[in-house]
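A.B. asks: Structure in structure tokens, see below.
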Amino acid sequence: MALHGLGKVTVGVPNVDETISYYTDFGLDHLGAGKFATRNGGEQLEIVYAPRRRLVELSIAADDINDIAATTRSLRVLGHTAEQDGTSVCAIEPATGTLIRVAVRPRITIEPIVASTPYNGPGRIDRWGRAPFLSRTDKVRPRKLGHAVIGSTDLETTMKFFTEGLGFKISDYMGDKAAFLRCSVEHHNVLVMAAPVNFMHHTSWQVDDIDEVGRGAHAMLEGKPERHIWGLGRHYAGANFFWYLKDPAGNFSEYYSDMDTVPEDELWSPEILHGLQGLYAWGPPPPPSFLEPDDLAALMTGAHSNRS
């Protein structure tokens with residue numbers, strides 16, 4: 001199958017207007033009616049109403065209708081109800097209850113090609129004069145949606161859905177706590193983690209380089225320090241620079257740059273990472289609210305109420 005990344009996330013929140021304002025500040029282009037586009041990926045986020053914050057739908061990009069047909073067959077072999085309409089197929093991931101859609105979308109191309117940012121090092125001069133990022137005065141605008149992170153009460157079932165049902169590859173494990181999964185050349189497009197309740201942890205949005213990670217976060221935090229969660233740092237798994245912020249509904253959003261790529265599956269061997277090893281190589285330690293969001297107990301209570 002020729003999957004090539006995430007297409008779109010649809011996120012349910014109780015405070016739609018506030019959340020729309022946040023993602024407008026974040027640098028996404030508001031198309032109206034709660035729909036947002038990235039700089040190069042087209043429409044990739046939709047904010048809709050829900051009593052509690054949740055991931056309503058995750059859309060994955062495929063090349064053509066042959067990929068849709070192949071995905072449909074794989075899902076049905078596993079016993080899932082897969083509804084196909086020609087250019088997309090959707091099914092419910094059974095552990096989290098999330099609607100997953102695989103849809104034909106064009107591959108994201110970035111034009112014009114971004115020139116590599118020259119950075120000087122000890123004994124190495126790659127640029128002369130003032131650093132070029134100083135001339136960047138425009139607003140940081142994410143290039144594309146890179147990945148989504150979801151908590152699942154049944155990690156094994158969710159992993160099986162993505163790997164055997166959709167064709168994702170495993171990049172790395174965090175013991176029996178989480179798995180980094182990819183459907184593109186980037187290290188991960190979905191991270192599934194074991195959790196006491198099914199919920200969305202964060203979405204991650206690619207920017208050009210570490211300066212854009214910092215500039216974006218700096219602008220978001222001016223006058224609103226409560227948005228800060230964790231950063232600046234660099235992950236071990238994926239190796240990307242990161243900075244995490246929190247939207248008004250409690251979802252985390254990440255600016256990232258410089259992620260590991262896996263152009264050939266045979267050239268990559270998954271590692272088993274332990275403790276906090278996979279979370280960061282350097283930077284401040286993750287705060288407790290990153291590992292267990294402040295509203296986790298409320299989400300658990302809500303999940304219990306919905307079952308009763």
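Labels used: A, B, ... for chains in the order of the structure tokens, numbers from 1 for residues in each chain, and numbers from 1 for ligands as shown.
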List the spatial neighbours of Val197 (chain A) as a PyMOL selection string - criterion: any atom at most 12 Å away, only C-alpha atoms, same-chain residues fewer than 3 positions off excluded.
C.D. replies: chain A and resi 54+95-97+150-155+193-194+200-201+292-293+295-304
A.B. asks: Please extract the residues of region 205-303 of chain A with a backbone DSSP assignment of alpha helix (DSSP H) and present them as a ChimeraX atom specification.
C.D. replies: /A:210-221,288-291,296-303
A.B. asks: Residues near region 35-45 of chain A, anyone? I mean within 8 Å using only C-alpha atoms, not counting same-chain ones fewer than 3 positions away, as a PDB file with all heavy atoms, in the first residue's frame.
C.D. replies:
```
ATOM      1  N   GLY A   7      -3.593  12.798   6.709  1.00  0.00           N
ATOM      2  CA  GLY A   7      -4.369  13.737   5.921  1.00  0.00           C
ATOM      3  C   GLY A   7      -4.935  14.850   6.773  1.00  0.00           C
ATOM      4  O   GLY A   7      -4.688  16.027   6.528  1.00  0.00           O
ATOM      5  N   LYS A   8      -5.662  14.451   7.833  1.00  0.00           N
ATOM      6  CA  LYS A   8      -6.392  15.456   8.599  1.00  0.00           C
ATOM      7  C   LYS A   8      -6.779  14.878   9.950  1.00  0.00           C
ATOM      8  O   LYS A   8      -6.977  13.668  10.081  1.00  0.00           O
ATOM      9  CB  LYS A   8      -7.650  15.864   7.814  1.00  0.00           C
ATOM     10  CG  LYS A   8      -8.608  16.817   8.501  1.00  0.00           C
ATOM     11  CD  LYS A   8      -9.831  17.073   7.632  1.00  0.00           C
ATOM     12  CE  LYS A   8     -10.894  17.849   8.369  1.00  0.00           C
ATOM     13  NZ  LYS A   8     -12.111  18.061   7.547  1.00  0.00           N
ATOM     14  N   VAL A   9      -6.884  15.750  10.943  1.00  0.00           N
ATOM     15  CA  VAL A   9      -7.463  15.376  12.230  1.00  0.00           C
ATOM     16  C   VAL A   9      -8.711  16.214  12.458  1.00  0.00           C
ATOM     17  O   VAL A   9      -8.738  17.411  12.168  1.00  0.00           O
ATOM     18  CB  VAL A   9      -6.480  15.577  13.409  1.00  0.00           C
ATOM     19  CG1 VAL A   9      -5.423  14.505  13.426  1.00  0.00           C
ATOM     20  CG2 VAL A   9      -5.863  16.959  13.389  1.00  0.00           C
ATOM     21  N   THR A  10      -9.749  15.564  12.965  1.00  0.00           N
ATOM     22  CA  THR A  10     -10.954  16.257  13.396  1.00  0.00           C
ATOM     23  C   THR A  10     -11.038  16.117  14.904  1.00  0.00           C
ATOM     24  O   THR A  10     -11.054  14.990  15.424  1.00  0.00           O
ATOM     25  CB  THR A  10     -12.211  15.669  12.737  1.00  0.00           C
ATOM     26  OG1 THR A  10     -12.074  15.764  11.310  1.00  0.00           O
ATOM     27  CG2 THR A  10     -13.457  16.420  13.171  1.00  0.00           C
ATOM     28  N   VAL A  11     -11.045  17.247  15.590  1.00  0.00           N
ATOM     29  CA  VAL A  11     -10.938  17.267  17.042  1.00  0.00           C
ATOM     30  C   VAL A  11     -12.210  17.865  17.632  1.00  0.00           C
ATOM     31  O   VAL A  11     -12.626  18.960  17.245  1.00  0.00           O
ATOM     32  CB  VAL A  11      -9.711  18.087  17.491  1.00  0.00           C
ATOM     33  CG1 VAL A  11      -9.588  18.091  19.015  1.00  0.00           C
ATOM     34  CG2 VAL A  11      -8.437  17.531  16.859  1.00  0.00           C
ATOM     35  N   LEU A  28      -2.011  28.234  11.722  1.00  0.00           N
ATOM     36  CA  LEU A  28      -2.784  27.538  10.706  1.00  0.00           C
ATOM     37  C   LEU A  28      -3.744  28.516  10.038  1.00  0.00           C
ATOM     38  O   LEU A  28      -4.178  29.485  10.649  1.00  0.00           O
ATOM     39  CB  LEU A  28      -3.551  26.374  11.336  1.00  0.00           C
ATOM     40  CG  LEU A  28      -2.695  25.318  12.054  1.00  0.00           C
ATOM     41  CD1 LEU A  28      -3.587  24.221  12.632  1.00  0.00           C
ATOM     42  CD2 LEU A  28      -1.649  24.720  11.118  1.00  0.00           C
ATOM     43  N   ASP A  29      -4.042  28.269   8.788  1.00  0.00           N
ATOM     44  CA  ASP A  29      -4.910  29.156   8.015  1.00  0.00           C
ATOM     45  C   ASP A  29      -6.368  28.756   8.230  1.00  0.00           C
ATOM     46  O   ASP A  29      -6.785  27.660   7.828  1.00  0.00           O
ATOM     47  CB  ASP A  29      -4.567  29.083   6.527  1.00  0.00           C
ATOM     48  CG  ASP A  29      -3.150  29.544   6.226  1.00  0.00           C
ATOM     49  OD1 ASP A  29      -2.652  30.404   6.966  1.00  0.00           O
ATOM     50  OD2 ASP A  29      -2.551  29.028   5.265  1.00  0.00           O
ATOM     51  N   HIS A  30      -7.152  29.635   8.862  1.00  0.00           N
ATOM     52  CA  HIS A  30      -8.552  29.326   9.123  1.00  0.00           C
ATOM     53  C   HIS A  30      -9.354  29.500   7.844  1.00  0.00           C
ATOM     54  O   HIS A  30      -9.440  30.591   7.285  1.00  0.00           O
ATOM     55  CB  HIS A  30      -9.100  30.226  10.232  1.00  0.00           C
ATOM     56  CG  HIS A  30     -10.454  29.799  10.706  1.00  0.00           C
ATOM     57  ND1 HIS A  30     -11.345  30.662  11.322  1.00  0.00           N
ATOM     58  CD2 HIS A  30     -11.084  28.600  10.635  1.00  0.00           C
ATOM     59  CE1 HIS A  30     -12.449  30.002  11.618  1.00  0.00           C
ATOM     60  NE2 HIS A  30     -12.320  28.758  11.215  1.00  0.00           N
ATOM     61  N   LEU A  31      -9.961  28.415   7.398  1.00  0.00           N
ATOM     62  CA  LEU A  31     -10.742  28.423   6.169  1.00  0.00           C
ATOM     63  C   LEU A  31     -12.197  28.757   6.426  1.00  0.00           C
ATOM     64  O   LEU A  31     -12.972  28.930   5.477  1.00  0.00           O
ATOM     65  CB  LEU A  31     -10.655  27.046   5.487  1.00  0.00           C
ATOM     66  CG  LEU A  31      -9.245  26.521   5.195  1.00  0.00           C
ATOM     67  CD1 LEU A  31      -9.315  25.112   4.637  1.00  0.00           C
ATOM     68  CD2 LEU A  31      -8.506  27.450   4.253  1.00  0.00           C
ATOM     69  N   GLY A  32     -12.567  28.873   7.705  1.00  0.00           N
ATOM     70  CA  GLY A  32     -13.953  29.098   8.078  1.00  0.00           C
ATOM     71  C   GLY A  32     -14.583  27.819   8.594  1.00  0.00           C
ATOM     72  O   GLY A  32     -14.138  26.705   8.271  1.00  0.00           O
ATOM     73  N   ILE A 108       2.185  15.654  -0.379  1.00  0.00           N
ATOM     74  CA  ILE A 108       2.550  17.024  -0.034  1.00  0.00           C
ATOM     75  C   ILE A 108       3.912  17.340  -0.628  1.00  0.00           C
ATOM     76  O   ILE A 108       4.884  16.625  -0.405  1.00  0.00           O
ATOM     77  CB  ILE A 108       2.580  17.213   1.497  1.00  0.00           C
ATOM     78  CG1 ILE A 108       1.173  17.035   2.068  1.00  0.00           C
ATOM     79  CG2 ILE A 108       3.134  18.593   1.851  1.00  0.00           C
ATOM     80  CD1 ILE A 108       1.119  17.079   3.579  1.00  0.00           C
ATOM     81  N   THR A 109       3.952  18.392  -1.408  1.00  0.00           N
ATOM     82  CA  THR A 109       5.216  18.892  -1.932  1.00  0.00           C
ATOM     83  C   THR A 109       5.413  20.303  -1.413  1.00  0.00           C
ATOM     84  O   THR A 109       4.455  21.065  -1.284  1.00  0.00           O
ATOM     85  CB  THR A 109       5.225  18.906  -3.469  1.00  0.00           C
ATOM     86  OG1 THR A 109       4.121  19.687  -3.942  1.00  0.00           O
ATOM     87  CG2 THR A 109       5.117  17.497  -4.024  1.00  0.00           C
ATOM     88  N   ILE A 110       6.645  20.612  -1.087  1.00  0.00           N
ATOM     89  CA  ILE A 110       6.956  21.925  -0.536  1.00  0.00           C
ATOM     90  C   ILE A 110       7.676  22.743  -1.586  1.00  0.00           C
ATOM     91  O   ILE A 110       8.814  22.449  -1.940  1.00  0.00           O
ATOM     92  CB  ILE A 110       7.805  21.791   0.749  1.00  0.00           C
ATOM     93  CG1 ILE A 110       6.984  21.046   1.814  1.00  0.00           C
ATOM     94  CG2 ILE A 110       8.233  23.163   1.256  1.00  0.00           C
ATOM     95  CD1 ILE A 110       7.727  20.813   3.107  1.00  0.00           C
ATOM     96  N   ARG A 141       4.220  29.610  10.149  1.00  0.00           N
ATOM     97  CA  ARG A 141       3.090  28.869   9.592  1.00  0.00           C
ATOM     98  C   ARG A 141       3.525  27.429   9.343  1.00  0.00           C
ATOM     99  O   ARG A 141       4.395  27.176   8.517  1.00  0.00           O
ATOM    100  CB  ARG A 141       2.606  29.509   8.295  1.00  0.00           C
ATOM    101  CG  ARG A 141       2.056  30.929   8.466  1.00  0.00           C
ATOM    102  CD  ARG A 141       1.812  31.577   7.107  1.00  0.00           C
ATOM    103  NE  ARG A 141       0.882  30.785   6.300  1.00  0.00           N
ATOM    104  CZ  ARG A 141       0.898  30.752   4.977  1.00  0.00           C
ATOM    105  NH1 ARG A 141       1.802  31.441   4.301  1.00  0.00           N
ATOM    106  NH2 ARG A 141       0.017  30.022   4.319  1.00  0.00           N
ATOM    107  N   PRO A 142       2.957  26.473  10.059  1.00  0.00           N
ATOM    108  CA  PRO A 142       3.348  25.075   9.874  1.00  0.00           C
ATOM    109  C   PRO A 142       3.205  24.607   8.435  1.00  0.00           C
ATOM    110  O   PRO A 142       2.278  25.000   7.716  1.00  0.00           O
ATOM    111  CB  PRO A 142       2.396  24.318  10.805  1.00  0.00           C
ATOM    112  CG  PRO A 142       2.089  25.307  11.888  1.00  0.00           C
ATOM    113  CD  PRO A 142       2.002  26.632  11.182  1.00  0.00           C
ATOM    114  N   ARG A 143       4.152  23.766   8.033  1.00  0.00           N
ATOM    115  CA  ARG A 143       4.141  23.229   6.671  1.00  0.00           C
ATOM    116  C   ARG A 143       3.098  22.133   6.496  1.00  0.00           C
ATOM    117  O   ARG A 143       2.445  22.031   5.460  1.00  0.00           O
ATOM    118  CB  ARG A 143       5.527  22.650   6.342  1.00  0.00           C
ATOM    119  CG  ARG A 143       6.632  23.692   6.229  1.00  0.00           C
ATOM    120  CD  ARG A 143       6.552  24.399   4.913  1.00  0.00           C
ATOM    121  NE  ARG A 143       7.642  25.362   4.735  1.00  0.00           N
ATOM    122  CZ  ARG A 143       7.831  26.045   3.622  1.00  0.00           C
ATOM    123  NH1 ARG A 143       7.042  25.873   2.596  1.00  0.00           N
ATOM    124  NH2 ARG A 143       8.821  26.919   3.533  1.00  0.00           N
ATOM    125  N   LYS A 144       2.977  21.263   7.526  1.00  0.00           N
ATOM    126  CA  LYS A 144       2.052  20.131   7.399  1.00  0.00           C
ATOM    127  C   LYS A 144       1.790  19.535   8.780  1.00  0.00           C
ATOM    128  O   LYS A 144       2.502  19.818   9.755  1.00  0.00           O
ATOM    129  CB  LYS A 144       2.635  19.043   6.488  1.00  0.00           C
ATOM    130  CG  LYS A 144       3.860  18.350   7.080  1.00  0.00           C
ATOM    131  CD  LYS A 144       4.346  17.208   6.197  1.00  0.00           C
ATOM    132  CE  LYS A 144       5.525  16.486   6.857  1.00  0.00           C
ATOM    133  NZ  LYS A 144       6.003  15.349   6.042  1.00  0.00           N
ATOM    134  N   LEU A 145       0.766  18.714   8.850  1.00  0.00           N
ATOM    135  CA  LEU A 145       0.504  17.888  10.017  1.00  0.00           C
ATOM    136  C   LEU A 145       1.435  16.684   9.961  1.00  0.00           C
ATOM    137  O   LEU A 145       1.410  15.922   8.991  1.00  0.00           O
ATOM    138  CB  LEU A 145      -0.962  17.434  10.009  1.00  0.00           C
ATOM    139  CG  LEU A 145      -1.371  16.378  11.029  1.00  0.00           C
ATOM    140  CD1 LEU A 145      -1.242  16.898  12.448  1.00  0.00           C
ATOM    141  CD2 LEU A 145      -2.807  15.918  10.747  1.00  0.00           C
TER     142      LEU A 145
END
```
A.B. asks: Which neighbours of Pro270 (chain A) fall inside 8 Å, counting only C-alpha atoms, when residues of the same chain fewer than 6 positions from it are skipped, and could you give them as a ChimeraX atom specification?
C.D. replies: /A:170-173
A.B. asks: Take the residues just selected and output them with all heavy atoms as a JSON list (two decimals), in the first residue's frame.
C.D. replies:
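Wrote part_39.json, looks like this:
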```json
[["chain", "number", "residue", "atom", "x", "y", "z"],
["A", 170, "ILE", "N", 6.41, -0.28, 12.36],
["A", 170, "ILE", "CA", 6.85, 0.10, 13.70],
["A", 170, "ILE", "C", 8.27, 0.65, 13.62],
["A", 170, "ILE", "O", 9.17, -0.01, 13.12],
["A", 170, "ILE", "CB", 6.80, -1.10, 14.66],
["A", 170, "ILE", "CG1", 5.35, -1.60, 14.80],
["A", 170, "ILE", "CG2", 7.38, -0.72, 16.03],
["A", 170, "ILE", "CD1", 5.21, -2.88, 15.58],
["A", 171, "SER", "N", 8.45, 1.87, 14.11],
["A", 171, "SER", "CA", 9.78, 2.50, 14.10],
["A", 171, "SER", "C", 10.53, 2.22, 15.39],
["A", 171, "SER", "O", 11.72, 1.89, 15.36],
["A", 171, "SER", "CB", 9.66, 4.01, 13.87],
["A", 171, "SER", "OG", 9.13, 4.28, 12.60],
["A", 172, "ASP", "N", 9.88, 2.42, 16.53],
["A", 172, "ASP", "CA", 10.50, 2.17, 17.83],
["A", 172, "ASP", "C", 9.41, 1.83, 18.83],
["A", 172, "ASP", "O", 8.23, 2.18, 18.64],
["A", 172, "ASP", "CB", 11.28, 3.40, 18.33],
["A", 172, "ASP", "CG", 12.59, 3.62, 17.59],
["A", 172, "ASP", "OD1", 13.37, 2.66, 17.46],
["A", 172, "ASP", "OD2", 12.82, 4.76, 17.12],
["A", 173, "TYR", "N", 9.83, 1.16, 19.92],
["A", 173, "TYR", "CA", 8.93, 0.86, 21.03],
["A", 173, "TYR", "C", 9.41, 1.59, 22.28],
["A", 173, "TYR", "O", 10.62, 1.82, 22.44],
["A", 173, "TYR", "CB", 8.94, -0.63, 21.38],
["A", 173, "TYR", "CG", 8.54, -1.59, 20.30],
["A", 173, "TYR", "CD1", 9.50, -2.12, 19.44],
["A", 173, "TYR", "CD2", 7.23, -2.02, 20.17],
["A", 173, "TYR", "CE1", 9.15, -3.05, 18.46],
["A", 173, "TYR", "CE2", 6.87, -2.94, 19.19],
["A", 173, "TYR", "CZ", 7.84, -3.45, 18.35],
["A", 173, "TYR", "OH", 7.49, -4.36, 17.39]]
```
A.B. asks: Residues of region 142-250 of chain A in strand (DSSP E or B) according to DSSP, as a count of residues only?
C.D. replies: 47
A.B. asks: Tell me which of A:Asn66, A:Gln277, A:Thr137, A:Ser184 sits closest to Gly216 (chain A), counting only C-alpha atoms.
C.D. replies: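 The closest residue to Gly216 (chain A) is A:Thr137.
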A.B. asks: Please determine, counting only C-alpha atoms, which residue among A:Asp247, A:Glu264, A:Asp208, A:Glu254 has the shortest atom-to-atom distance to Arg53 (chain A).
C.D. replies: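 Selected residue with least distance to Arg53 (chain A): A:Asp247.
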A.B. asks: Measuring atom to atom with only C-alpha atoms, identify which of A:Phe168, A:Tyr49, A:Phe241, A:Tyr119 is nearest to Ile20 (chain A).
C.D. replies: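 Closest candidate: A:Tyr49.
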A.B. asks: If we count only C-alpha atoms, what is near Ile229 (chain A) at a cut-off of 10 Å, once residues fewer than 2 positions away on the same chain are taken out, given as an MDAnalysis selection string?
C.D. replies: chainID A and resid 225:227 231:232 243:246 252:254 286:290
A.B. asks: For Leu75 (chain A), which residue out of A:Val56, A:Val114, A:Ile100, A:Val16 is the nearest one, using only C-alpha atoms?
C.D. replies: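 That would be A:Ile100, the residue with the smallest distance to Leu75 (chain A).
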A.B. asks: Given only C-alpha atoms as the basis, pick out the residue of A:Glu57, A:Asp25, A:Glu266, A:Glu46 nearest to Phe199 (chain A).
C.D. replies: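 Smallest distance to Phe199 (chain A) is found for A:Glu57.
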A.B. asks: Nearest residue to Tyr23 (chain A) out of A:Val77, A:Ile47, A:Ala281, A:Ala70, using only C-alpha atoms?
C.D. replies: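 Closest residue, counting only C-alpha atoms: A:Ile47.
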